Each structure stands twice: as C-alpha cells, then as structure tokens.
Amino acid sequence: MKVEELYQEIILDHYRAKHHSGLRDPYEAEVHHVNPSCGDEVTLRVHLDGDTVSDVSYEGVGCSISQASTSVMSDLVIGHSYQHGLGLHQEFLTLMQSKGEIEPDEDRLEDGIAFAGVAKFPARVKCALLGWSAFKDAVIQAQGSTN
C-alpha cells in the first residue's frame with residue numbers, strides 16, 4: 001500500500017467514525033464556523049479544566065476532509081493543555097500552507113499527517129483547517145470567559 005493510499009484510508013476512517021462528534025455539556029465556549037467557498041460547517045464546543053482541554057465536541061456537515069480533520073484535531077488536543085493544542089494548530093496551519101513541501105512531524109500530529117497531501121490542493125486547505133480554526137477561536141473565547 002502506498003503512503004497516499006494509507007493517508008486516504010486514515011481520512012476516510014475518521015470521516016466514517018468521527019471521534020468526539022455530538023455536542024456535549026459542559027463547555028466554556030461554543031463557536032460556529034463556515035467555509036464560504038464550499039459550505040462546510042462546524043459548531044464546536046470546548047470544555048477547559050484549568051489549562052487542560054477536558055473535552056472538544058462538535059457537529060458538522062461537509063466533505064470528508066473537513067469532518068475527518070476535526071475528528072483528528074479533537075483526538076490530539078483532548079487531555080492536553082490548551083497551549084499545547086494551540087501549538088498543534090500552528091503546526092497544522094504551517095503544514096497546510098506548505099503546498100506539500102514540508103514533512104510533518106508524525107510524533108506531534110499523529111493522524112494529522114494524513115492531510116499532508118491536501119496541502120497540494122489550495123481549494124481544500126480551508127476544508128482541512130475548518131475545525132482547527134474553530135478550536136482556536138473557542139479556546140480564545142473560553143480563556144476570555146474565565147478571566
């Protein structure tokens with residue numbers, strides 16, 4: 001199996017069985033993001049316990065890339081500090097803006113490396129970033145509500 005086929009399978013697995021899907025309580029922040037270029041949408045909630053991301057829950061509609069990327073993101077940030085999650089957001093953003101020119105760090109991004117090929121298709125980059133951008137905004141909002 002080629003690496004591209006493996007990556008495609010990871011994306012499809014996360015799309016078929018979305019991790020942490022379904023809006024849950026409690027939460028400190030809820031955001032709604034829309035990709036105007038294709039109509040993908042996500043409503044995302046973040047629950048923080050101090051600096052730790054205790055839960056990320058979401059509902060979304062859209063392509064396999066946007067849905068799978070949100071699933072992967074939630075796996076990567078839950079149980080870690082929100083600062084860690086924001087750092088991963090920046091790494092994923094850099095990967096998506098690389099046009100496929102950089103090698104992702106598998107130890108940090110885990111299943112997120114499956115989206116490396118998406119970076120070669122500018123029209124799909126916004127799909128992959130939708131959930132990540134929602135997470136970043138929700139964390140900023142949650143931090144504002146706790147100060």
# chains A, B, ... in the order shown; residues from 1 in each chain; ligands from 1

call {"tool": "residues_around", "arguments": {"residues": "A:Glu91", "least_positions_apart": "5", "cutoff": "9 Å", "atoms": "only C-alpha atoms", "output": "MDAnalysis selection string"}}
result
chainID A and resid 86 96 104:105 108:109

call {"tool": "write_last_selection", "arguments": {"atoms": "C-alpha atoms", "output": "tab-separated table (two decimals), in the first residue's frame"}}
result
chain	number	residue	atom	x	y	z
A	86	LEU	CA	-2.75	25.97	20.02
A	96	MET	CA	-1.46	23.21	5.21
A	104	PRO	CA	5.01	16.74	9.01
A	105	ASP	CA	6.12	15.59	12.46
A	108	ARG	CA	3.25	15.54	17.14
A	109	LEU	CA	0.48	15.42	14.53

call {"tool": "select_by_dssp", "arguments": {"residues": "stretch 13-120 of chain A", "states": "helix (DSSP H, G or I)", "output": "count of residues only"}}
result
48

call {"tool": "residues_around", "arguments": {"residues": "stretch 37-54 of chain A", "least_positions_apart": "4", "cutoff": "6 Å", "atoms": "only C-alpha atoms", "output": "list in words"}}
result
Tyr27, Glu28, Ala29, Glu30, Val31, His32, His33, Tyr58, Glu59, Gly60, Val61, Gly62, Ile78, Gly79, His80, Ser81 and Tyr82 of chain A

call {"tool": "residues_around", "arguments": {"residues": "stretch 13-20 of chain A", "least_positions_apart": "3", "cutoff": "10 Å", "atoms": "only C-alpha atoms", "output": "MDAnalysis selection string"}}
result
chainID A and resid 7:10 23:24 55:59 63:75 78 111

call {"tool": "write_last_selection", "arguments": {"atoms": "N, CA and C atoms", "output": "compact mmCIF listing (two decimals), in the first residue's frame"}}
result
# COMPACT_ATOMS: atom_id res chain seq x y z
N TYR A 7 -2.85 7.32 3.81
CA TYR A 7 -3.36 8.60 4.27
C TYR A 7 -4.84 8.75 3.93
N GLN A 8 -5.20 8.35 2.72
CA GLN A 8 -6.60 8.43 2.30
C GLN A 8 -7.47 7.55 3.20
N GLU A 9 -6.96 6.39 3.56
CA GLU A 9 -7.71 5.47 4.42
C GLU A 9 -7.89 6.06 5.83
N ILE A 10 -6.86 6.73 6.35
CA ILE A 10 -6.96 7.40 7.66
C ILE A 10 -8.06 8.46 7.62
N LEU A 23 -22.55 17.35 20.13
CA LEU A 23 -22.35 18.43 21.09
C LEU A 23 -22.65 17.96 22.50
N ARG A 24 -21.73 18.28 23.42
CA ARG A 24 -21.87 17.85 24.81
C ARG A 24 -21.72 19.03 25.77
N ASP A 55 -12.58 18.48 27.07
CA ASP A 55 -13.44 17.93 26.03
C ASP A 55 -13.51 18.89 24.86
N VAL A 56 -13.65 18.30 23.69
CA VAL A 56 -13.99 19.01 22.47
C VAL A 56 -15.13 18.20 21.87
N SER A 57 -16.25 18.87 21.61
CA SER A 57 -17.35 18.20 20.95
C SER A 57 -17.80 19.07 19.79
N TYR A 58 -18.38 18.44 18.78
CA TYR A 58 -18.74 19.20 17.59
C TYR A 58 -19.84 18.50 16.80
N GLU A 59 -20.50 19.29 15.99
CA GLU A 59 -21.40 18.80 14.95
C GLU A 59 -20.99 19.50 13.68
N CYS A 63 -17.55 17.98 3.66
CA CYS A 63 -16.76 16.95 2.98
C CYS A 63 -15.98 16.10 3.98
N SER A 64 -15.47 15.01 3.48
CA SER A 64 -14.71 14.09 4.33
C SER A 64 -13.48 14.76 4.92
N ILE A 65 -12.87 15.68 4.19
CA ILE A 65 -11.66 16.34 4.69
C ILE A 65 -11.97 17.21 5.91
N SER A 66 -12.99 18.02 5.83
CA SER A 66 -13.30 18.90 6.97
C SER A 66 -13.74 18.09 8.19
N GLN A 67 -14.54 17.08 7.97
CA GLN A 67 -15.04 16.28 9.08
C GLN A 67 -13.94 15.43 9.71
N ALA A 68 -13.13 14.81 8.89
CA ALA A 68 -12.04 13.97 9.40
C ALA A 68 -10.98 14.81 10.11
N SER A 69 -10.69 15.98 9.58
CA SER A 69 -9.69 16.84 10.19
C SER A 69 -10.14 17.29 11.58
N THR A 70 -11.42 17.57 11.75
CA THR A 70 -11.95 17.95 13.05
C THR A 70 -11.86 16.78 14.03
N SER A 71 -12.14 15.58 13.54
CA SER A 71 -12.03 14.37 14.35
C SER A 71 -10.59 14.18 14.84
N VAL A 72 -9.64 14.30 13.93
CA VAL A 72 -8.22 14.15 14.27
C VAL A 72 -7.80 15.21 15.28
N MET A 73 -8.20 16.46 15.01
CA MET A 73 -7.84 17.56 15.91
C MET A 73 -8.32 17.29 17.32
N SER A 74 -9.57 16.83 17.45
CA SER A 74 -10.12 16.61 18.79
C SER A 74 -9.32 15.52 19.53
N ASP A 75 -8.93 14.48 18.82
CA ASP A 75 -8.09 13.44 19.43
C ASP A 75 -6.78 14.01 19.95
N ILE A 78 -7.51 16.87 23.24
CA ILE A 78 -8.17 16.49 24.49
C ILE A 78 -7.16 15.84 25.43
N ASP A 111 -2.29 11.19 13.39
CA ASP A 111 -3.11 11.00 12.18
C ASP A 111 -3.21 12.27 11.34

call {"tool": "select_by_dssp", "arguments": {"residues": "stretch 21-147 of chain A", "states": "strand (DSSP E or B)", "output": "ChimeraX atom specification"}}
result
/A:21,29-34,41-49,52-61,81

call {"tool": "write_last_selection", "arguments": {"atoms": "N, CA and C atoms", "output": "compact mmCIF listing (two decimals), in the first residue's frame"}}
result
# COMPACT_ATOMS: atom_id res chain seq x y z
N SER A 21 -17.66 13.41 18.11
CA SER A 21 -18.77 14.07 17.43
C SER A 21 -20.01 14.07 18.32
N ALA A 29 -17.07 27.47 25.87
CA ALA A 29 -17.19 28.24 24.64
C ALA A 29 -17.76 27.38 23.53
N GLU A 30 -18.60 28.02 22.71
CA GLU A 30 -19.14 27.37 21.51
C GLU A 30 -18.98 28.34 20.35
N VAL A 31 -18.46 27.83 19.25
CA VAL A 31 -18.28 28.66 18.05
C VAL A 31 -18.88 27.93 16.85
N HIS A 32 -19.22 28.71 15.85
CA HIS A 32 -19.75 28.15 14.61
C HIS A 32 -18.93 28.73 13.47
N HIS A 33 -18.33 27.86 12.68
CA HIS A 33 -17.52 28.29 11.55
C HIS A 33 -18.09 27.72 10.25
N VAL A 34 -18.00 28.52 9.20
CA VAL A 34 -18.48 28.12 7.88
C VAL A 34 -17.37 28.38 6.87
N GLU A 41 -19.61 23.31 7.37
CA GLU A 41 -19.90 24.00 8.62
C GLU A 41 -19.52 23.13 9.80
N VAL A 42 -19.13 23.79 10.89
CA VAL A 42 -18.88 23.08 12.14
C VAL A 42 -19.30 23.97 13.31
N THR A 43 -20.00 23.38 14.25
CA THR A 43 -20.27 24.00 15.53
C THR A 43 -19.44 23.22 16.53
N LEU A 44 -18.59 23.92 17.28
CA LEU A 44 -17.62 23.25 18.13
C LEU A 44 -17.68 23.83 19.53
N ARG A 45 -17.62 22.94 20.52
CA ARG A 45 -17.59 23.33 21.93
C ARG A 45 -16.27 22.89 22.55
N VAL A 46 -15.76 23.73 23.45
CA VAL A 46 -14.54 23.41 24.20
C VAL A 46 -14.86 23.49 25.68
N HIS A 47 -14.43 22.47 26.40
CA HIS A 47 -14.54 22.45 27.86
C HIS A 47 -13.13 22.41 28.43
N LEU A 48 -12.80 23.42 29.22
CA LEU A 48 -11.49 23.51 29.85
C LEU A 48 -11.62 23.23 31.33
N ASP A 49 -10.64 22.52 31.85
CA ASP A 49 -10.49 22.31 33.29
C ASP A 49 -9.16 22.95 33.65
N THR A 52 -6.28 22.68 31.00
CA THR A 52 -6.41 21.42 30.26
C THR A 52 -7.69 21.38 29.44
N VAL A 53 -7.56 20.93 28.21
CA VAL A 53 -8.72 20.72 27.34
C VAL A 53 -9.35 19.40 27.78
N SER A 54 -10.45 19.50 28.52
CA SER A 54 -11.13 18.30 29.02
C SER A 54 -12.00 17.65 27.96
N ASP A 55 -12.58 18.48 27.07
CA ASP A 55 -13.44 17.93 26.03
C ASP A 55 -13.51 18.89 24.86
N VAL A 56 -13.65 18.30 23.69
CA VAL A 56 -13.99 19.01 22.47
C VAL A 56 -15.13 18.20 21.87
N SER A 57 -16.25 18.87 21.61
CA SER A 57 -17.35 18.20 20.95
C SER A 57 -17.80 19.07 19.79
N TYR A 58 -18.38 18.44 18.78
CA TYR A 58 -18.74 19.20 17.59
C TYR A 58 -19.84 18.50 16.80
N GLU A 59 -20.50 19.29 15.99
CA GLU A 59 -21.40 18.80 14.95
C GLU A 59 -20.99 19.50 13.68
N GLY A 60 -20.95 18.76 12.61
CA GLY A 60 -20.54 19.39 11.37
C GLY A 60 -21.19 18.73 10.17
N VAL A 61 -21.23 19.49 9.11
CA VAL A 61 -21.65 18.97 7.82
C VAL A 61 -20.61 19.41 6.81
N SER A 81 -2.87 20.53 27.56
CA SER A 81 -3.10 21.95 27.82
C SER A 81 -3.60 22.62 26.55

call {"tool": "atom_distance", "arguments": {"atom1": "atom CA of A:Glu5", "atom2": "atom CA of A:Arg124"}}
result
17.7 Å

call {"tool": "residues_around", "arguments": {"residues": "A:Ala119", "least_positions_apart": "2", "cutoff": "12 Å", "atoms": "only C-alpha atoms", "output": "VMD selection string"}}
result
chain A and resid 65 92 to 104 112 to 117 121 to 129

call {"tool": "atom_distance", "arguments": {"atom1": "atom CA of A:Glu110", "atom2": "atom CA of A:Leu6"}}
result
13.1 Å

call {"tool": "atom_distance", "arguments": {"atom1": "atom CA of A:Pro36", "atom2": "atom CA of A:Lys120"}}
result
19.9 Å

call {"tool": "decode", "arguments": {"residues": "stretch 97-109 of chain A", "atoms": "N, CA and C atoms", "output": "PDB file, in the first residue's frame"}}
result
ATOM      1  N   GLN A  97      -0.223  25.244   4.740  1.00  0.00           N
ATOM      2  CA  GLN A  97       0.247  26.345   3.895  1.00  0.00           C
ATOM      3  C   GLN A  97       1.519  25.999   3.120  1.00  0.00           C
ATOM      4  N   SER A  98       2.038  24.784   3.325  1.00  0.00           N
ATOM      5  CA  SER A  98       3.324  24.405   2.734  1.00  0.00           C
ATOM      6  C   SER A  98       3.238  23.950   1.286  1.00  0.00           C
ATOM      7  N   LYS A  99       2.024  23.793   0.767  1.00  0.00           N
ATOM      8  CA  LYS A  99       1.827  23.275  -0.598  1.00  0.00           C
ATOM      9  C   LYS A  99       2.479  21.903  -0.764  1.00  0.00           C
ATOM     10  N   GLY A 100       2.566  21.163   0.356  1.00  0.00           N
ATOM     11  CA  GLY A 100       3.124  19.816   0.316  1.00  0.00           C
ATOM     12  C   GLY A 100       4.629  19.766   0.339  1.00  0.00           C
ATOM     13  N   GLU A 101       5.266  20.877   0.679  1.00  0.00           N
ATOM     14  CA  GLU A 101       6.724  20.968   0.632  1.00  0.00           C
ATOM     15  C   GLU A 101       7.422  20.580   1.928  1.00  0.00           C
ATOM     16  N   ILE A 102       6.685  20.477   3.031  1.00  0.00           N
ATOM     17  CA  ILE A 102       7.345  20.119   4.287  1.00  0.00           C
ATOM     18  C   ILE A 102       6.868  18.750   4.747  1.00  0.00           C
ATOM     19  N   GLU A 103       7.725  18.112   5.497  1.00  0.00           N
ATOM     20  CA  GLU A 103       7.428  16.791   6.060  1.00  0.00           C
ATOM     21  C   GLU A 103       6.842  16.990   7.453  1.00  0.00           C
ATOM     22  N   PRO A 104       5.607  16.534   7.688  1.00  0.00           N
ATOM     23  CA  PRO A 104       5.012  16.737   9.013  1.00  0.00           C
ATOM     24  C   PRO A 104       5.666  15.864  10.078  1.00  0.00           C
ATOM     25  N   ASP A 105       5.578  16.310  11.322  1.00  0.00           N
ATOM     26  CA  ASP A 105       6.119  15.587  12.463  1.00  0.00           C
ATOM     27  C   ASP A 105       5.068  14.592  12.961  1.00  0.00           C
ATOM     28  N   GLU A 106       5.249  13.322  12.632  1.00  0.00           N
ATOM     29  CA  GLU A 106       4.271  12.294  12.977  1.00  0.00           C
ATOM     30  C   GLU A 106       4.115  12.135  14.485  1.00  0.00           C
ATOM     31  N   ASP A 107       5.182  12.345  15.242  1.00  0.00           N
ATOM     32  CA  ASP A 107       5.096  12.231  16.693  1.00  0.00           C
ATOM     33  C   ASP A 107       4.171  13.289  17.278  1.00  0.00           C
ATOM     34  N   ARG A 108       4.095  14.442  16.641  1.00  0.00           N
ATOM     35  CA  ARG A 108       3.251  15.538  17.139  1.00  0.00           C
ATOM     36  C   ARG A 108       1.854  15.497  16.515  1.00  0.00           C
ATOM     37  N   LEU A 109       1.775  15.325  15.214  1.00  0.00           N
ATOM     38  CA  LEU A 109       0.481  15.422  14.527  1.00  0.00           C
ATOM     39  C   LEU A 109      -0.244  14.083  14.371  1.00  0.00           C
TER      40      LEU A 109
END
